[in-house]
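Here's final_27.csv, which has CSV, C-alpha atoms and all ligand atoms:
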```
chain,number,residue,atom,x,y,z
W,38,MET,CA,-222.2,-38.7,42.0
W,39,LYS,CA,-225.7,-40.2,41.8
W,40,ALA,CA,-227.2,-36.8,40.9
W,41,LYS,CA,-224.6,-36.3,38.2
W,42,LYS,CA,-225.4,-39.7,36.7
W,43,ALA,CA,-229.1,-39.0,36.8
W,44,LEU,CA,-228.6,-35.6,35.0
W,45,SER,CA,-226.3,-37.3,32.5
W,46,LEU,CA,-229.0,-39.9,31.8
W,47,LEU,CA,-231.7,-37.2,31.4
W,48,MET,CA,-229.6,-35.2,29.0
W,49,THR,CA,-228.7,-38.2,27.0
W,50,ALA,CA,-232.4,-39.2,26.8
W,51,VAL,CA,-233.3,-35.8,25.6
W,52,LEU,CA,-230.5,-36.0,23.0
W,53,ALA,CA,-231.7,-39.4,21.8
W,54,ALA,CA,-235.2,-38.2,21.5
W,55,THR,CA,-234.0,-35.2,19.5
W,56,MET,CA,-231.9,-37.4,17.3
W,57,LEU,CA,-234.9,-39.6,16.5
W,58,THR,CA,-237.4,-36.8,15.9
W,59,GLY,CA,-235.7,-33.5,15.4
W,60,CYS,CA,-233.4,-34.0,12.4
W,61,GLY,CA,-235.9,-34.0,9.7
W,62,GLY,CA,-236.0,-36.5,6.8
W,63,GLY,CA,-234.0,-39.6,6.5
W,64,ARG,CA,-235.0,-43.2,7.2
W,65,GLY,CA,-234.9,-42.2,10.9
W,66,THR,CA,-238.3,-40.6,10.7
W,67,GLU,CA,-239.9,-44.0,10.4
W,68,GLU,CA,-238.6,-44.7,13.9
W,69,ALA,CA,-239.7,-41.3,15.3
W,70,SER,CA,-242.8,-42.8,16.8
W,71,GLN,CA,-240.8,-45.0,19.0
W,72,THR,CA,-241.8,-44.4,22.6
W,73,ALA,CA,-239.8,-42.3,25.0
W,74,ALA,CA,-239.6,-45.2,27.3
W,75,ASP,CA,-237.9,-47.4,24.7
W,76,THR,CA,-235.5,-44.6,24.0
W,77,THR,CA,-234.6,-44.0,27.6
W,78,ALA,CA,-234.0,-47.7,28.1
W,79,ASP,CA,-231.6,-47.8,25.2
W,80,VAL,CA,-229.9,-44.7,26.4
W,81,GLU,CA,-229.5,-46.0,29.9
W,82,LYS,CA,-227.6,-49.0,28.6
W,83,THR,CA,-225.2,-46.7,26.9
W,84,ALA,CA,-224.8,-44.5,30.0
W,85,GLU,CA,-224.3,-47.4,32.3
W,86,ALA,CA,-221.6,-48.8,30.1
W,87,GLY,CA,-219.8,-45.7,31.4
W,88,ASN,CA,-217.7,-45.3,28.3
W,89,ALA,CA,-216.6,-42.3,26.4
W,90,GLU,CA,-219.4,-42.8,23.9
W,91,THR,CA,-221.8,-41.0,26.2
W,92,ALA,CA,-219.7,-37.9,26.1
W,93,GLU,CA,-219.4,-38.1,22.4
W,94,ALA,CA,-223.2,-38.4,22.1
W,95,GLU,CA,-223.7,-35.4,24.4
W,96,ASP,CA,-221.4,-33.4,22.1
W,97,ALA,CA,-223.6,-34.5,19.3
W,98,ALA,CA,-226.6,-33.0,21.0
W,99,GLY,CA,-225.5,-29.5,20.2
W,100,THR,CA,-225.0,-30.3,16.6
W,101,SER,CA,-228.3,-32.2,16.1
W,102,SER,CA,-230.3,-29.6,17.8
W,103,THR,CA,-229.0,-27.1,15.3
W,104,GLY,CA,-230.4,-29.2,12.5
W,105,GLY,CA,-227.2,-31.3,11.7
W,106,GLY,CA,-226.9,-34.9,12.4
W,107,ILE,CA,-224.5,-37.7,13.3
W,108,VAL,CA,-222.5,-39.2,10.4
W,109,GLY,CA,-220.2,-42.3,10.8
W,110,VAL,CA,-217.4,-42.9,8.4
W,111,ALA,CA,-215.8,-46.4,8.3
W,112,LEU,CA,-212.6,-46.5,6.3
W,113,PRO,CA,-210.7,-49.7,5.5
W,114,TRP,CA,-207.2,-48.5,6.5
W,115,LEU,CA,-205.0,-45.5,6.2
W,116,GLY,CA,-202.3,-47.3,4.3
W,117,THR,CA,-202.5,-45.3,1.1
W,118,GLN,CA,-202.7,-41.5,0.8
W,119,ASN,CA,-206.3,-41.4,-0.5
W,120,TRP,CA,-207.6,-43.0,2.7
W,121,ALA,CA,-205.5,-40.8,4.9
W,122,GLU,CA,-206.8,-37.8,3.0
W,123,ALA,CA,-210.4,-39.1,3.3
W,124,GLU,CA,-210.0,-39.3,7.1
W,125,VAL,CA,-209.0,-35.6,7.3
W,126,MET,CA,-211.3,-34.3,4.6
W,127,PHE,CA,-214.4,-36.1,5.9
W,128,LYS,CA,-213.8,-34.5,9.3
W,129,GLU,CA,-213.4,-31.0,7.9
W,130,GLN,CA,-216.2,-31.2,5.4
W,131,LEU,CA,-218.8,-32.9,7.6
W,132,GLU,CA,-218.1,-30.5,10.5
W,133,ALA,CA,-218.2,-27.5,8.1
W,134,ALA,CA,-221.7,-28.7,7.0
W,135,GLY,CA,-222.8,-28.9,10.6
W,136,TYR,CA,-222.6,-32.6,11.3
W,137,GLU,CA,-221.1,-34.5,14.1
W,138,ALA,CA,-218.5,-36.9,12.5
W,139,ILE,CA,-217.5,-40.3,13.9
W,140,ILE,CA,-214.6,-41.5,11.8
W,141,GLN,CA,-212.8,-44.8,12.2
W,142,ALA,CA,-210.3,-46.8,10.1
W,143,ALA,CA,-210.1,-50.6,10.3
W,144,ASP,CA,-206.5,-51.6,9.6
W,145,GLN,CA,-207.6,-54.0,6.9
W,146,LYS,CA,-209.4,-56.2,9.4
W,147,VAL,CA,-213.0,-57.2,8.7
W,148,PRO,CA,-214.1,-57.9,12.3
W,149,GLN,CA,-212.7,-54.6,13.4
W,150,GLN,CA,-214.7,-52.8,10.7
W,151,GLN,CA,-217.9,-54.7,11.7
W,152,GLN,CA,-217.4,-53.6,15.3
W,153,GLN,CA,-216.8,-50.0,14.3
W,154,ILE,CA,-220.0,-49.9,12.3
W,155,GLU,CA,-221.9,-51.5,15.2
W,156,SER,CA,-220.7,-48.8,17.5
W,157,MET,CA,-221.6,-46.1,15.0
W,158,ILE,CA,-225.2,-47.5,15.0
W,159,GLU,CA,-225.2,-47.5,18.8
W,160,ASN,CA,-223.9,-43.9,18.9
W,161,GLY,CA,-226.9,-42.7,16.9
W,162,ALA,CA,-225.3,-42.3,13.4
W,163,GLN,CA,-228.1,-41.4,10.9
W,164,VAL,CA,-225.8,-42.0,7.9
W,165,ILE,CA,-222.8,-44.3,7.8
W,166,VAL,CA,-220.3,-44.0,5.0
W,167,VAL,CA,-218.4,-47.2,4.3
W,168,GLY,CA,-215.2,-47.9,2.4
W,169,PRO,CA,-215.2,-51.7,3.0
W,170,VAL,CA,-212.1,-53.7,3.9
W,171,ASP,CA,-213.9,-56.6,2.1
W,172,GLY,CA,-216.8,-55.6,-0.1
W,173,SER,CA,-218.7,-58.8,0.6
W,174,GLN,CA,-218.2,-59.3,4.3
W,175,LEU,CA,-220.4,-56.6,5.8
W,176,GLY,CA,-223.8,-57.8,4.7
W,177,SER,CA,-225.3,-58.5,8.1
W,178,VAL,CA,-224.0,-55.4,10.0
W,179,LEU,CA,-225.2,-53.2,7.1
W,180,GLU,CA,-228.6,-54.8,7.1
W,181,LYS,CA,-228.8,-54.3,10.9
W,182,ALA,CA,-228.0,-50.6,10.3
W,183,LYS,CA,-230.7,-50.3,7.7
W,184,ASP,CA,-233.2,-51.9,10.1
W,185,ALA,CA,-232.2,-49.3,12.7
W,186,GLY,CA,-233.1,-46.6,10.2
W,187,VAL,CA,-229.5,-45.7,9.2
W,188,TYR,CA,-228.6,-44.8,5.6
W,189,ILE,CA,-225.5,-46.5,4.2
W,190,ILE,CA,-223.4,-45.0,1.5
W,191,GLY,CA,-220.5,-47.0,0.0
W,192,TYR,CA,-217.4,-44.8,-0.5
W,193,ASP,CA,-214.9,-45.5,-3.2
W,194,ARG,CA,-215.6,-49.3,-3.1
W,195,LEU,CA,-218.8,-51.2,-3.9
W,196,LEU,CA,-220.7,-52.9,-1.0
W,197,GLU,CA,-221.6,-56.4,-2.2
W,198,ASN,CA,-224.1,-59.1,-1.4
W,199,THR,CA,-226.2,-56.9,0.8
W,200,THR,CA,-229.5,-55.0,0.7
W,201,GLY,CA,-228.1,-52.6,3.3
W,202,VAL,CA,-226.7,-50.0,0.8
W,203,ASP,CA,-228.4,-46.9,-0.5
W,204,GLY,CA,-225.8,-45.9,-3.0
W,205,VAL,CA,-222.1,-45.9,-3.8
W,206,VAL,CA,-219.9,-42.9,-4.6
W,207,GLN,CA,-216.8,-43.7,-6.5
W,208,PHE,CA,-214.5,-43.1,-9.5
W,209,GLY,CA,-215.3,-45.4,-12.4
W,210,SER,CA,-213.3,-48.5,-11.5
W,211,VAL,CA,-213.3,-50.3,-14.9
W,212,LYS,CA,-212.5,-47.0,-16.5
W,213,THR,CA,-209.5,-46.6,-14.1
W,214,GLY,CA,-208.1,-49.9,-15.3
W,215,GLU,CA,-208.5,-48.9,-19.0
W,216,LEU,CA,-206.7,-45.6,-18.3
W,217,GLN,CA,-203.8,-47.5,-16.6
W,218,ALA,CA,-203.4,-49.9,-19.5
W,219,GLN,CA,-203.6,-47.1,-22.1
W,220,ALA,CA,-200.9,-45.2,-20.3
W,221,LEU,CA,-198.8,-48.3,-20.1
W,222,LEU,CA,-199.0,-48.7,-23.9
W,223,GLN,CA,-198.4,-45.1,-24.6
W,224,GLY,CA,-195.3,-45.2,-22.4
W,225,LEU,CA,-194.0,-48.4,-24.1
W,226,GLU,CA,-194.3,-46.8,-27.5
W,227,GLU,CA,-192.7,-43.5,-26.3
W,228,LEU,CA,-189.8,-45.0,-24.4
W,229,LYS,CA,-189.2,-48.6,-25.3
W,230,GLY,CA,-188.8,-48.7,-29.1
W,231,SER,CA,-190.9,-51.0,-31.2
W,232,ALA,CA,-192.9,-54.1,-30.2
W,233,PRO,CA,-192.9,-56.7,-28.9
W,234,TYR,CA,-192.6,-55.5,-25.3
W,235,ASN,CA,-191.9,-57.7,-22.3
W,236,ILE,CA,-194.4,-56.9,-19.5
W,237,GLU,CA,-195.8,-58.1,-16.2
W,238,LEU,CA,-199.2,-57.6,-14.6
W,239,PHE,CA,-200.1,-56.7,-11.0
W,240,GLY,CA,-203.6,-56.4,-9.4
W,241,GLY,CA,-204.7,-55.0,-6.1
W,242,GLY,CA,-206.2,-56.6,-3.0
W,243,PRO,CA,-208.6,-59.4,-3.9
W,244,ALA,CA,-211.1,-58.5,-1.1
W,245,ASP,CA,-211.5,-55.0,-2.5
W,246,PRO,CA,-214.2,-55.0,-5.2
W,247,ASN,CA,-212.2,-52.3,-7.1
W,248,ALA,CA,-209.2,-54.5,-7.7
W,249,PRO,CA,-210.8,-57.0,-10.1
W,250,ASN,CA,-212.6,-54.1,-11.8
W,251,PHE,CA,-209.3,-52.3,-12.3
W,252,PHE,CA,-207.8,-55.5,-13.7
W,253,THR,CA,-210.8,-56.2,-16.0
W,254,GLY,CA,-210.6,-52.7,-17.4
W,255,ALA,CA,-206.9,-53.0,-18.0
W,256,MET,CA,-207.2,-56.4,-19.6
W,257,SER,CA,-209.9,-55.2,-22.0
W,258,VAL,CA,-207.1,-53.0,-23.5
W,259,LEU,CA,-204.1,-55.4,-23.1
W,260,GLN,CA,-205.5,-58.8,-23.9
W,261,PRO,CA,-205.9,-58.3,-27.6
W,262,LEU,CA,-202.3,-57.1,-27.8
W,263,ILE,CA,-201.1,-60.1,-25.7
W,264,ASP,CA,-203.0,-62.3,-28.1
W,265,ASP,CA,-201.4,-60.8,-31.2
W,266,GLY,CA,-197.9,-60.9,-29.7
W,267,THR,CA,-197.4,-57.1,-29.3
W,268,LEU,CA,-197.1,-57.7,-25.5
W,269,VAL,CA,-195.4,-60.7,-24.0
W,270,VAL,CA,-196.2,-61.5,-20.4
W,271,VAL,CA,-192.9,-63.4,-19.8
W,272,SER,CA,-193.9,-65.0,-16.5
W,273,GLY,CA,-197.1,-66.3,-18.1
W,274,GLN,CA,-199.1,-64.9,-15.1
W,275,THR,CA,-202.1,-63.3,-16.6
W,276,ASP,CA,-205.0,-64.3,-14.3
W,277,PHE,CA,-206.2,-61.9,-11.7
W,278,THR,CA,-205.7,-64.5,-8.9
W,279,GLN,CA,-202.0,-64.9,-9.9
W,280,CYS,CA,-201.5,-61.1,-10.2
W,281,ALA,CA,-203.4,-59.9,-7.1
W,282,THR,CA,-201.6,-58.3,-4.2
W,283,VAL,CA,-203.2,-59.4,-0.9
W,284,ASP,CA,-204.2,-56.4,1.3
W,285,TRP,CA,-202.7,-54.0,-1.3
W,286,ASP,CA,-199.4,-54.7,0.6
W,287,ASN,CA,-196.5,-53.0,-1.2
W,288,SER,CA,-193.9,-55.4,0.3
W,289,LYS,CA,-195.8,-58.4,-1.1
W,290,ALA,CA,-195.8,-56.8,-4.5
W,291,GLN,CA,-192.1,-56.2,-4.2
W,292,SER,CA,-191.4,-59.8,-3.3
W,293,ARG,CA,-193.5,-61.0,-6.2
W,294,MET,CA,-191.6,-58.7,-8.6
W,295,ASP,CA,-188.3,-59.9,-7.2
W,296,ALA,CA,-189.3,-63.5,-7.8
W,297,ILE,CA,-190.5,-62.8,-11.3
W,298,LEU,CA,-187.3,-61.0,-12.2
W,299,ALA,CA,-185.1,-63.7,-10.7
W,300,GLY,CA,-187.0,-66.4,-12.5
W,301,ASN,CA,-187.6,-64.9,-15.9
W,302,TYR,CA,-185.5,-61.9,-16.6
W,303,SER,CA,-181.9,-62.9,-15.9
W,304,ASP,CA,-180.9,-62.2,-19.6
W,305,ILE,CA,-183.7,-60.1,-20.9
W,306,GLU,CA,-185.1,-56.6,-20.1
W,307,ILE,CA,-188.5,-55.9,-18.7
W,308,ASP,CA,-190.2,-53.0,-20.6
W,309,GLY,CA,-193.4,-52.4,-18.7
W,310,VAL,CA,-195.5,-53.3,-15.7
W,311,LEU,CA,-199.2,-52.8,-15.1
W,312,SER,CA,-199.5,-51.6,-11.5
W,313,PRO,CA,-202.9,-51.0,-9.8
W,314,ASN,CA,-201.8,-48.1,-7.6
W,315,ASP,CA,-198.9,-45.9,-6.7
W,316,GLY,CA,-197.6,-47.7,-3.7
W,317,ILE,CA,-197.3,-50.9,-5.7
W,318,ALA,CA,-195.8,-49.0,-8.6
W,319,ARG,CA,-193.0,-47.7,-6.4
W,320,ALA,CA,-192.4,-51.2,-5.0
W,321,ILE,CA,-192.2,-52.6,-8.6
W,322,ILE,CA,-189.8,-49.9,-9.7
W,323,THR,CA,-187.6,-50.4,-6.6
W,324,SER,CA,-187.5,-54.1,-7.3
W,325,CYS,CA,-186.4,-53.5,-10.9
W,326,GLU,CA,-183.7,-51.0,-9.8
W,327,ASN,CA,-182.4,-53.5,-7.2
W,328,ALA,CA,-182.2,-56.2,-10.0
W,329,GLY,CA,-180.2,-53.8,-12.2
W,330,GLN,CA,-182.9,-53.5,-14.8
W,331,PRO,CA,-183.5,-50.3,-16.7
W,332,ILE,CA,-186.6,-48.7,-15.2
W,333,PRO,CA,-189.7,-50.1,-16.9
W,334,VAL,CA,-192.8,-48.1,-17.9
W,335,VAL,CA,-195.1,-48.5,-14.8
W,336,SER,CA,-198.7,-47.3,-14.4
W,337,GLY,CA,-200.2,-46.2,-11.0
W,338,LEU,CA,-203.2,-44.8,-9.2
W,339,ASP,CA,-204.0,-42.1,-6.6
W,340,ALA,CA,-201.5,-39.4,-7.6
W,341,GLU,CA,-199.8,-39.9,-4.2
W,342,ASN,CA,-197.3,-37.1,-3.5
W,343,GLU,CA,-194.3,-39.4,-3.8
W,344,SER,CA,-195.5,-40.8,-7.1
W,345,VAL,CA,-196.3,-37.3,-8.4
W,346,GLU,CA,-192.6,-36.6,-7.7
W,347,TRP,CA,-191.5,-39.8,-9.4
W,348,VAL,CA,-193.7,-39.1,-12.5
W,349,TRP,CA,-192.2,-35.6,-12.7
W,350,SER,CA,-188.6,-37.0,-12.5
W,351,GLY,CA,-189.4,-39.8,-15.0
W,352,ARG,CA,-189.0,-42.7,-12.5
W,353,GLN,CA,-192.7,-43.7,-12.7
W,354,TYR,CA,-194.4,-43.2,-16.1
W,355,SER,CA,-198.0,-42.5,-15.1
W,356,THR,CA,-200.5,-42.3,-12.3
W,357,VAL,CA,-204.3,-41.8,-12.3
W,358,ALA,CA,-205.8,-38.9,-10.3
W,359,LYS,CA,-209.0,-39.5,-8.3
W,360,PRO,CA,-209.1,-36.5,-6.1
W,361,THR,CA,-210.3,-37.4,-2.6
W,362,ASN,CA,-211.5,-33.9,-2.1
W,363,ALA,CA,-214.1,-34.2,-4.8
W,364,LEU,CA,-215.2,-37.7,-3.8
W,365,VAL,CA,-215.7,-36.5,-0.2
W,366,ALA,CA,-217.6,-33.4,-1.3
W,367,GLU,CA,-219.9,-35.6,-3.5
W,368,THR,CA,-220.6,-37.8,-0.5
W,369,VAL,CA,-221.3,-34.9,1.9
W,370,SER,CA,-223.7,-33.5,-0.7
W,371,ILE,CA,-225.6,-36.8,-0.8
W,372,ILE,CA,-225.7,-36.8,3.0
W,373,GLY,CA,-227.2,-33.3,2.9
W,374,SER,CA,-229.9,-34.6,0.6
W,375,LEU,CA,-230.7,-37.6,2.8
W,376,LEU,CA,-230.7,-35.6,6.1
W,377,SER,CA,-232.9,-32.9,4.7
W,378,GLY,CA,-235.5,-35.5,3.8
W,379,ASN,CA,-234.9,-35.4,0.0
W,380,GLY,CA,-233.6,-39.0,-0.3
W,381,MET,CA,-230.9,-40.2,-2.6
W,382,PRO,CA,-230.3,-38.0,-5.7
W,383,ALA,CA,-231.3,-39.4,-9.1
W,384,THR,CA,-228.6,-41.3,-11.0
W,385,ASP,CA,-228.8,-43.4,-14.2
W,386,VAL,CA,-225.8,-45.5,-13.3
W,387,LYS,CA,-226.5,-48.7,-11.4
W,388,ALA,CA,-224.3,-51.7,-10.4
W,389,ASN,CA,-225.6,-55.1,-9.4
W,390,ASN,CA,-224.0,-56.0,-6.1
W,391,GLY,CA,-225.1,-59.7,-6.2
W,392,VAL,CA,-228.4,-58.9,-4.5
W,393,ILE,CA,-229.7,-55.5,-5.7
W,394,ASP,CA,-229.0,-52.8,-8.3
W,395,VAL,CA,-227.1,-50.1,-6.4
W,396,PRO,CA,-227.3,-46.5,-7.5
W,397,ILE,CA,-223.7,-45.4,-8.3
W,398,TYR,CA,-222.5,-41.7,-8.2
W,399,GLU,CA,-219.5,-41.8,-10.4
W,400,LEU,CA,-216.7,-39.3,-10.9
W,401,PRO,CA,-214.2,-39.5,-13.7
W,402,PRO,CA,-210.6,-40.6,-13.0
W,403,VAL,CA,-207.9,-38.7,-15.0
W,404,VAL,CA,-204.6,-40.2,-16.2
W,405,VAL,CA,-201.5,-38.2,-15.3
W,406,THR,CA,-198.1,-38.3,-17.1
W,407,LYS,CA,-195.3,-35.8,-17.0
W,408,ASP,CA,-196.8,-34.1,-20.1
W,409,ASN,CA,-200.1,-33.1,-18.5
W,410,ALA,CA,-199.3,-33.0,-14.8
W,411,LYS,CA,-199.3,-29.2,-14.6
W,412,GLU,CA,-202.7,-29.1,-16.2
W,413,VAL,CA,-204.3,-31.8,-14.1
W,414,PHE,CA,-203.0,-30.3,-10.8
W,415,ALA,CA,-203.6,-26.6,-11.7
W,416,ASP,CA,-206.1,-26.3,-8.9
W,417,ASP,CA,-204.1,-28.4,-6.4
W,418,PRO,CA,-201.4,-26.2,-4.9
W,419,ASP,CA,-199.9,-29.1,-2.8
W,420,ARG,CA,-199.3,-31.3,-5.8
W,421,MET,CA,-198.3,-28.3,-8.0
W,422,ALA,CA,-195.6,-27.6,-5.5
W,423,LEU,CA,-194.1,-31.1,-6.2
W,424,LEU,CA,-193.7,-30.2,-9.9
W,425,ALA,CA,-191.0,-27.5,-9.4
W,426,ASP,CA,-188.4,-27.5,-12.2
G,1,LIG,C1,-208.7,-47.4,-3.9
G,1,LIG,C2,-207.3,-46.9,-4.3
G,1,LIG,C3,-206.3,-47.4,-3.2
G,1,LIG,C4,-206.5,-48.9,-2.9
G,1,LIG,C5,-205.6,-49.3,-1.8
G,1,LIG,C6,-208.7,-48.9,-3.7
G,1,LIG,O1,-210.0,-49.3,-3.4
G,1,LIG,O2,-209.6,-47.1,-5.0
G,1,LIG,O3,-207.4,-45.5,-4.4
G,1,LIG,O4,-205.0,-47.2,-3.7
G,1,LIG,O5,-207.8,-49.1,-2.6
G,1,LIG,O6,-205.9,-48.6,-0.6
```
Go through the file and emit its structure as structure tokens.
Amino acid sequence: MKAKKALSLLMTAVLAATMLTGCGGGRGTEEASQTAADTTADVEKTAEAGNAETAEAEDAAGTSSTGGGIVGVALPWLGTQNWAEAEVMFKEQLEAAGYEAIIQAADQKVPQQQQQIESMIENGAQVIVVGPVDGSQLGSVLEKAKDAGVYIIGYDRLLENTTGVDGVVQFGSVKTGELQAQALLQGLEELKGSAPYNIELFGGGPADPNAPNFFTGAMSVLQPLIDDGTLVVVSGQTDFTQCATVDWDNSKAQSRMDAILAGNYSDIEIDGVLSPNDGIARAIITSCENAGQPIPVVSGLDAENESVEWVWSGRQYSTVAKPTNALVAETVSIIGSLLSGNGMPATDVKANNGVIDVPIYELPPVVVTKDNAKEVFADDPDRMALLAD
């Protein structure tokens, strides 16, 4: 027993030394001069904790000695298809690129996500990719990671109020909102006769930095038409705080829609609804169906399978595709640049996160309606299969 433990300690110490010195590039090289004694002491703590992390770290030794590295991925939850896809695709793409992947999702809970990031640091992650539950609540753990020599990449959502972020990979979030609103208008003109149109507005989870951006983008298109009477928000609820959906919870959106319909639409029809994503779109449509309303024109986001089917059958008017595959590939390519010592790639796009200007690596979102679905998904056999006649 004793001998086994000593061997395990030795192996782990060798691994830790390899991680600090052998991976080439990255902020970690600054720490490479740390003494072996320090390293061993840290490693002993991990080993004595006697948890599964040691085994994981030993697995990682194989990868790091072949020139890979350890990459943590902290996701906010798995409640929408894009995050569930990210979990699978990060594992596949990181491993294919020769990295050890530690992937965890936080069930929308900030303390859980903080702990997960802490444990990734302890397990020797050289890069941590973070889709934050709350964009502004990770400041100290990310700064701790930075001080430990770890690179931090925001994934899909901005990391706010922290210097502990090296860059963010995302689809244009204001642009996404503009596309949602343009699709809503197009659908109203196509399906609901002439103006004025009765509409309602929904936003996403207020802790998610994307949600106010989606809403701002949408309102830049809708507000002038609300002002000139083309669009009538019958409930009068037009502020983001009134329209937001805590935790992106579909059932909360459905309850809000039920209440709006009961309170404002007993003798009029609702023509359209701005929805920030597909799950909320389906909740809104279901609420309208339950209330005996004709289906309104509803926007969406994510091109979730179920909504692609609904768009194809005419039940949901539009969605916006932001392919997870492409966003993960972009992130893995940046990780490659970092871990081969080439730093963050150049980009002209920056966003102020309240403390620093963060480099942004932006991909274009694409609006999808029944008319262009086959074009948009031409290279996506899974979604193409949902468009059968
Ligand atoms: C993502 C959306 C997703 C939403 C809820 C947002 O930050 O950009 O794709 O639907 O979170 O999970």
Within 7 Å of ligand LIG 1 (chain G) (all atoms listed in the file), residues as a list in words: Gly116, Thr117, Asn119, Trp120, Asp193, Arg194, Asp245, Asn247, Ala248, Trp285, Asn314, Asp315, Leu338 and Asp339 of chain W
Please indicate the distance in Å from CA of Pro333 in chain W to CA of Trp349 in chain W, rounded to one decimal place.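 Distance between the two atoms: 15.3 Å.
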Within 10 Å of Ala410 in chain W using all atoms listed in the file, minus same-chain residues under 5 positions, as a PDB file with C-alpha atoms, in the coordinates of the input:
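Okay, this is what ended up in around-v2.pdb:
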```pdb
ATOM      1  CA  ALA W 340    -201.500 -39.400  -7.600  1.00  0.00           C
ATOM      2  CA  VAL W 345    -196.300 -37.300  -8.400  1.00  0.00           C
ATOM      3  CA  VAL W 348    -193.700 -39.100 -12.500  1.00  0.00           C
ATOM      4  CA  TRP W 349    -192.200 -35.600 -12.700  1.00  0.00           C
ATOM      5  CA  SER W 355    -198.000 -42.500 -15.100  1.00  0.00           C
ATOM      6  CA  THR W 356    -200.500 -42.300 -12.300  1.00  0.00           C
ATOM      7  CA  ALA W 358    -205.800 -38.900 -10.300  1.00  0.00           C
ATOM      8  CA  VAL W 404    -204.600 -40.200 -16.200  1.00  0.00           C
ATOM      9  CA  VAL W 405    -201.500 -38.200 -15.300  1.00  0.00           C
ATOM     10  CA  ALA W 415    -203.600 -26.600 -11.700  1.00  0.00           C
ATOM     11  CA  ARG W 420    -199.300 -31.300  -5.800  1.00  0.00           C
ATOM     12  CA  MET W 421    -198.300 -28.300  -8.000  1.00  0.00           C
ATOM     13  CA  LEU W 424    -193.700 -30.200  -9.900  1.00  0.00           C
TER      14      LEU W 424
END
```
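Taking CA of Asp426 in chain W and CA of Thr323 in chain W as the two end points, the separation is 23.6 Å.
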Atom-to-atom span, CA of Cys280 in chain W and CA of Pro360 in chain W, Å: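 We find that CA of Cys280 in chain W and CA of Pro360 in chain W lie 26.1 Å from each other.
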Protein/DNA/RNA residues near (-189.0, -49.3, -10.2), cut 8 Å, only C-alpha atoms, as an mmCIF file with C-alpha atoms, in the frame of the given file:
```
data_model
loop_
_atom_site.group_PDB
_atom_site.id
_atom_site.type_symbol
_atom_site.label_atom_id
_atom_site.label_comp_id
_atom_site.auth_asym_id
_atom_site.auth_seq_id
_atom_site.Cartn_x
_atom_site.Cartn_y
_atom_site.Cartn_z
ATOM 1 C CA ALA W 318 -195.800 -49.000 -8.600
ATOM 2 C CA ARG W 319 -193.000 -47.700 -6.400
ATOM 3 C CA ALA W 320 -192.400 -51.200 -5.000
ATOM 4 C CA ILE W 321 -192.200 -52.600 -8.600
ATOM 5 C CA ILE W 322 -189.800 -49.900 -9.700
ATOM 6 C CA THR W 323 -187.600 -50.400 -6.600
ATOM 7 C CA SER W 324 -187.500 -54.100 -7.300
ATOM 8 C CA CYS W 325 -186.400 -53.500 -10.900
ATOM 9 C CA GLU W 326 -183.700 -51.000 -9.800
ATOM 10 C CA ILE W 332 -186.600 -48.700 -15.200
ATOM 11 C CA PRO W 333 -189.700 -50.100 -16.900
ATOM 12 C CA VAL W 335 -195.100 -48.500 -14.800
ATOM 13 C CA ARG W 352 -189.000 -42.700 -12.500
ATOM 14 C CA GLN W 353 -192.700 -43.700 -12.700
#
```
With all atoms listed in the file as the basis for distance, which of W:Val211, W:Pro313, W:Ile297, W:Asp184 is at the shortest distance from Gly241 in chain W?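 Using all atoms listed in the file, Gly241 in chain W sits closest to W:Pro313.
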Measuring between only C-alpha atoms, which one of W:Gln163, W:Ser303, W:Gln149, W:Asn342 shows the shortest distance to Val108 in chain W?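 Ranking W:Gln163, W:Ser303, W:Gln149, W:Asn342 by distance to Val108 in chain W, first place goes to W:Gln163.
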Mind listing as a count of residues only all residues within 7 Å of (-198.3, -54.2, -4.3), counting all atoms listed in the file? 12
List the neighbours of Ala281 in chain W out to 6 Å using only C-alpha atoms; skip same-chain residues closer than 4 positions along the sequence, and give me the result as a PyMOL selection string. chain W and resi 240-242+277
Based on the selection just made, write C-alpha atoms of those residues as a PDB file, in the frame of the given file.
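File produced: part_37.pdb:
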```
ATOM      1  CA  GLY W 240    -203.600 -56.400  -9.400  1.00  0.00           C
ATOM      2  CA  GLY W 241    -204.700 -55.000  -6.100  1.00  0.00           C
ATOM      3  CA  GLY W 242    -206.200 -56.600  -3.000  1.00  0.00           C
ATOM      4  CA  PHE W 277    -206.200 -61.900 -11.700  1.00  0.00           C
TER       5      PHE W 277
END
```
Using all atoms listed in the file, pick whichever of W:Val395, W:Val271, W:Ala218, W:Leu179 has the shortest atom-to-atom distance to Ser312 in chain W. W:Ala218
Mind running range 139-180 of chain W against range 122-129 of chain W at 12 Å and telling me each contacting residue's nearest atom pair with the distance in Å (one decimal), counting only C-alpha atoms, chain and number ascending, as a tab-separated table?
```
residue	atom	partner	partner_atom	distance
W:Ile139	CA	W:Lys128	CA	8.3
W:Ile140	CA	W:Glu124	CA	6.9
W:Gln141	CA	W:Glu124	CA	8.0
W:Ala142	CA	W:Glu124	CA	8.1
W:Ala143	CA	W:Glu124	CA	11.7
W:Ile165	CA	W:Phe127	CA	11.9
W:Val166	CA	W:Phe127	CA	9.9
W:Val167	CA	W:Ala123	CA	11.4
W:Gly168	CA	W:Ala123	CA	10.1
```
For Asp308 in chain W, which of W:Val334, W:Met157, W:Ala121, W:Ala162 is the closest residue, counting all atoms listed in the file?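 Nearest to Asp308 in chain W: W:Val334.
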Select from range 285-389 of chain W every residue with an atom at most 8 Å from any atom of range 232-235 of chain W, then for each give the shortest pair of atoms and their distance in Å to one decimal, using all atoms listed in the file, rows by chain and rising number, as a tab-separated table.
```
residue	atom	partner	partner_atom	distance
W:Glu306	CA	W:Asn235	CA	7.2
W:Ile307	CA	W:Asn235	CA	5.3
W:Asp308	CA	W:Asn235	CA	5.3
W:Gly309	CA	W:Asn235	CA	6.6
```
